[in-house]
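**Q** I have a structure here, written as structure tokens, and I will follow up with some questions on it.
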Amino acid sequence: MRASARRPSTTVVMPVHNREAWVGRALESVLAQTWSDFEILVVDDGSTDGTADVLRRYLPHITLLSSPHTGAYAARNLAIRQARGALVAFIDSDDVWHPDRLECELPLLDDPEVGLVFGDACLVDYRRPPARRLRRTFFDGASPFRGRGGSGFTRDNFIPLSSVLVRRQCFETCGEFAPVRMGADYLKWFEIAHRHALDYVPRPVCDYAIHPGSLTYDTASAIVARLALFSDAVASAPDPGTRIELQRIVLNHRWLLAIARFRSGSRPTLGPGDRVKDVSRATRFSWWLSFAGRAVTRRLRRLVSETGGAIRSLASKAR
């Protein structure tokens with residue numbers, strides 16, 4: 001597919017840094033879409049391996065932008081400023097879209113109240129060959145939410161970035177991604193949900209790659225980055241309701257960080273920068289009930305899934 005001479009309906013945005021072994025299959029999945037009215041903007045974020053050579057093979061099907069290595073979110077912002085489409089679709093350079101990813105999401109934007117749509121993601125583990133498609137999906141770990149408001153985000157970030165299709169206007173009303181290393185998508189979806197409705201496709205529309213080179217592979221570092229981002233957001237919250245939602249997200253991450261440190265063999269202590277200030281007892285108590293309830297529910301789901309798998313295995317052997 002060649003880039004259209006007329007204005008496309010959608011701009012596909014892909015930042016890439018040192019992903020020569022991955023970026024080709026990501027681009028192939030975009031070019032294989034059943035919906036073809038889009039342009040592809042790829043930002044080479046200061047790659048030093050053979051990524052640039054791989055990308056040149058896809059010219060003129062893509063528009064290639066280059067920048068010094070400033071991080072994926074700064075690269076996405078650069079592409080959004082250059083976008084010609086009214087809609088923006090994101091894909092990470094190590095993920096893969098399913099063929100109808102765009103086609104199945106576009107109808108949800110017929111509702112003018114909806115600003116952002118997304119879908120579930122299959123989890124594919126590349127840590128040891130051969131690659132293994134996990135039984136659970138992204139939504140199994142973070143239940144999706146549709147509608148307006150940030151209350152759904154107080155549980156977790158339920159939006160896989162490589163599944164997002166969003167009106168470009170949302171970035172005009174809510175601003176660009178924070179130019180940080182990790183976590184800015186979570187905060188931006190939260191902000192968009194306060195101004196626009198969300199909707200989603202209740203099935204996987206992409207594959208999410210799990211591998212040591214992923215930015216979010218180091219769980220503790222990813223949580224620390226989110227914790228800092230949302231802690232800063234609390235101070236600038238526009239109203240008390242939003243402030244409470246942000247405080248609940250920070251409380252979640254404070255404890256998730258303690259758990260991650262414990263699992264890695266470190267002491268699960270919280271430093272001054274990890275603490276939440278000026279949170280009422282009522283907010284802390286309601287958060288604790290919610291956090292404990294989610295933990296129990298996830299444990300029960302996992303137990304039911306493991307029990308069901310064991311029963312199926314025994315039944316198969318008995319035949």
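Ligands are numbered from 1 in the order shown, chains are lettered A, B, ... in the order of the structure tokens, and residues start at 1 in each chain.
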Mind the document's chain letters and residue numbers, and return as a VMD selection string the residues of segment 22-69 of chain A that DSSP labels helix (DSSP H, G or I).

**A** chain A and resid 23 to 31 51 to 56

**Q** For the selection you just gave me, I'd like the residues written to a file as a compact mmCIF listing (two decimals), in the first residue's frame, keeping all heavy atoms.

**A**
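Wrote selection_9.txt, looks like this:
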```txt
# COMPACT_ATOMS: atom_id res chain seq x y z
N VAL A 23 10.84 -4.57 13.97
CA VAL A 23 10.04 -3.54 13.33
C VAL A 23 9.45 -3.99 12.00
O VAL A 23 8.34 -3.56 11.63
CB VAL A 23 10.87 -2.24 13.16
CG1 VAL A 23 12.00 -2.43 12.15
CG2 VAL A 23 9.98 -1.09 12.77
N GLY A 24 10.12 -4.87 11.28
CA GLY A 24 9.60 -5.32 9.99
C GLY A 24 8.27 -6.04 10.13
O GLY A 24 7.33 -5.79 9.37
N ARG A 25 8.16 -6.93 11.10
CA ARG A 25 6.89 -7.67 11.25
C ARG A 25 5.78 -6.76 11.74
O ARG A 25 4.61 -6.93 11.37
CB ARG A 25 7.06 -8.86 12.19
CG ARG A 25 7.34 -8.47 13.61
CD ARG A 25 7.43 -9.64 14.57
NE ARG A 25 7.15 -9.15 15.91
CZ ARG A 25 6.40 -9.75 16.79
NH1 ARG A 25 5.87 -10.92 16.50
NH2 ARG A 25 6.19 -9.23 17.98
N ALA A 26 6.12 -5.72 12.54
CA ALA A 26 5.11 -4.76 12.97
C ALA A 26 4.55 -4.00 11.77
O ALA A 26 3.34 -3.85 11.61
CB ALA A 26 5.70 -3.79 14.00
N LEU A 27 5.45 -3.54 10.90
CA LEU A 27 5.00 -2.82 9.70
C LEU A 27 4.21 -3.71 8.76
O LEU A 27 3.22 -3.28 8.16
CB LEU A 27 6.21 -2.22 8.99
CG LEU A 27 6.82 -0.97 9.64
CD1 LEU A 27 8.12 -0.60 8.97
CD2 LEU A 27 5.83 0.20 9.60
N GLU A 28 4.63 -4.96 8.61
CA GLU A 28 3.89 -5.89 7.75
C GLU A 28 2.45 -6.06 8.26
O GLU A 28 1.51 -6.17 7.46
CB GLU A 28 4.59 -7.25 7.71
CG GLU A 28 5.94 -7.25 7.00
CD GLU A 28 5.83 -7.00 5.50
OE1 GLU A 28 4.70 -7.15 4.95
OE2 GLU A 28 6.86 -6.67 4.89
N SER A 29 2.27 -6.07 9.57
CA SER A 29 0.92 -6.24 10.12
C SER A 29 0.05 -5.01 9.84
O SER A 29 -1.16 -5.12 9.70
CB SER A 29 0.99 -6.52 11.62
OG SER A 29 1.28 -5.37 12.38
N VAL A 30 0.66 -3.84 9.77
CA VAL A 30 -0.09 -2.63 9.43
C VAL A 30 -0.45 -2.64 7.95
O VAL A 30 -1.59 -2.36 7.56
CB VAL A 30 0.73 -1.37 9.76
CG1 VAL A 30 -0.01 -0.11 9.31
CG2 VAL A 30 0.99 -1.29 11.26
N LEU A 31 0.50 -2.99 7.12
CA LEU A 31 0.26 -3.02 5.67
C LEU A 31 -0.74 -4.10 5.27
O LEU A 31 -1.32 -4.04 4.18
CB LEU A 31 1.59 -3.24 4.93
CG LEU A 31 2.59 -2.08 5.06
CD1 LEU A 31 3.95 -2.49 4.52
CD2 LEU A 31 2.08 -0.84 4.35
N THR A 51 18.18 -0.71 12.36
CA THR A 51 16.78 -0.33 12.20
C THR A 51 16.55 0.56 10.99
O THR A 51 15.60 0.35 10.23
CB THR A 51 16.28 0.37 13.48
OG1 THR A 51 16.29 -0.55 14.58
CG2 THR A 51 14.88 0.92 13.29
N ALA A 52 17.39 1.54 10.78
CA ALA A 52 17.22 2.47 9.66
C ALA A 52 17.24 1.74 8.32
O ALA A 52 16.47 2.07 7.41
CB ALA A 52 18.29 3.55 9.70
N ASP A 53 18.10 0.73 8.18
CA ASP A 53 18.16 -0.04 6.93
C ASP A 53 16.86 -0.80 6.71
O ASP A 53 16.37 -0.88 5.57
CB ASP A 53 19.33 -1.03 6.99
CG ASP A 53 20.68 -0.33 7.01
OD1 ASP A 53 20.77 0.78 6.46
OD2 ASP A 53 21.62 -0.89 7.59
N VAL A 54 16.29 -1.37 7.78
CA VAL A 54 15.02 -2.08 7.66
C VAL A 54 13.92 -1.10 7.24
O VAL A 54 13.12 -1.39 6.33
CB VAL A 54 14.64 -2.77 8.98
CG1 VAL A 54 13.26 -3.41 8.87
CG2 VAL A 54 15.68 -3.81 9.37
N LEU A 55 13.88 0.05 7.86
CA LEU A 55 12.82 1.03 7.56
C LEU A 55 12.90 1.51 6.12
O LEU A 55 11.85 1.72 5.48
CB LEU A 55 12.92 2.21 8.52
CG LEU A 55 12.64 1.91 10.00
CD1 LEU A 55 12.87 3.16 10.84
CD2 LEU A 55 11.22 1.38 10.18
N ARG A 56 14.09 1.70 5.60
CA ARG A 56 14.23 2.19 4.22
C ARG A 56 13.63 1.22 3.21
O ARG A 56 13.20 1.63 2.13
CB ARG A 56 15.70 2.47 3.90
CG ARG A 56 16.18 3.83 4.43
CD ARG A 56 17.53 4.20 3.86
NE ARG A 56 18.59 3.41 4.45
CZ ARG A 56 19.27 3.76 5.53
NH1 ARG A 56 19.00 4.90 6.13
NH2 ARG A 56 20.25 2.99 6.01
```

**Q** Enumerate as a PDB file with C-alpha atoms, in the first residue's frame all residues of segment 48-110 of chain A assigned to strand (DSSP E or B) by DSSP on the backbone, naming them with the chain letters and numbers the document uses.

**A**
```pdb
ATOM      1  CA  THR A  63       6.772   8.367   5.880  1.00  0.00           C
ATOM      2  CA  LEU A  64      10.014   8.220   7.805  1.00  0.00           C
ATOM      3  CA  LEU A  65      10.839  10.848  10.409  1.00  0.00           C
ATOM      4  CA  SER A  66      14.056  10.949  12.419  1.00  0.00           C
ATOM      5  CA  SER A  67      14.941  12.478  15.752  1.00  0.00           C
ATOM      6  CA  LEU A  87      -7.755   9.721  13.657  1.00  0.00           C
ATOM      7  CA  VAL A  88      -4.496   8.415  15.133  1.00  0.00           C
ATOM      8  CA  ALA A  89      -3.709   4.716  15.601  1.00  0.00           C
ATOM      9  CA  PHE A  90      -0.709   3.590  17.626  1.00  0.00           C
ATOM     10  CA  VAL A  96       1.608  -6.951  15.819  1.00  0.00           C
ATOM     11  CA  TRP A  97      -1.853  -5.858  14.662  1.00  0.00           C
TER      12      TRP A  97
END
```

**Q** Using only C-alpha atoms, determine which residues lie at most 7 Å from segment 227-236 of chain A, disregarding the query and same-chain residues fewer than 5 positions distant; provide the list as a PyMOL selection string.

**A** chain A and resi 243+246-247+250+253

**Q** Nearest to Phe138 of chain A: which of A:Cys206, A:Ala74, A:Cys174, A:Ile80 is it, counting only C-alpha atoms?

**A** A:Cys206
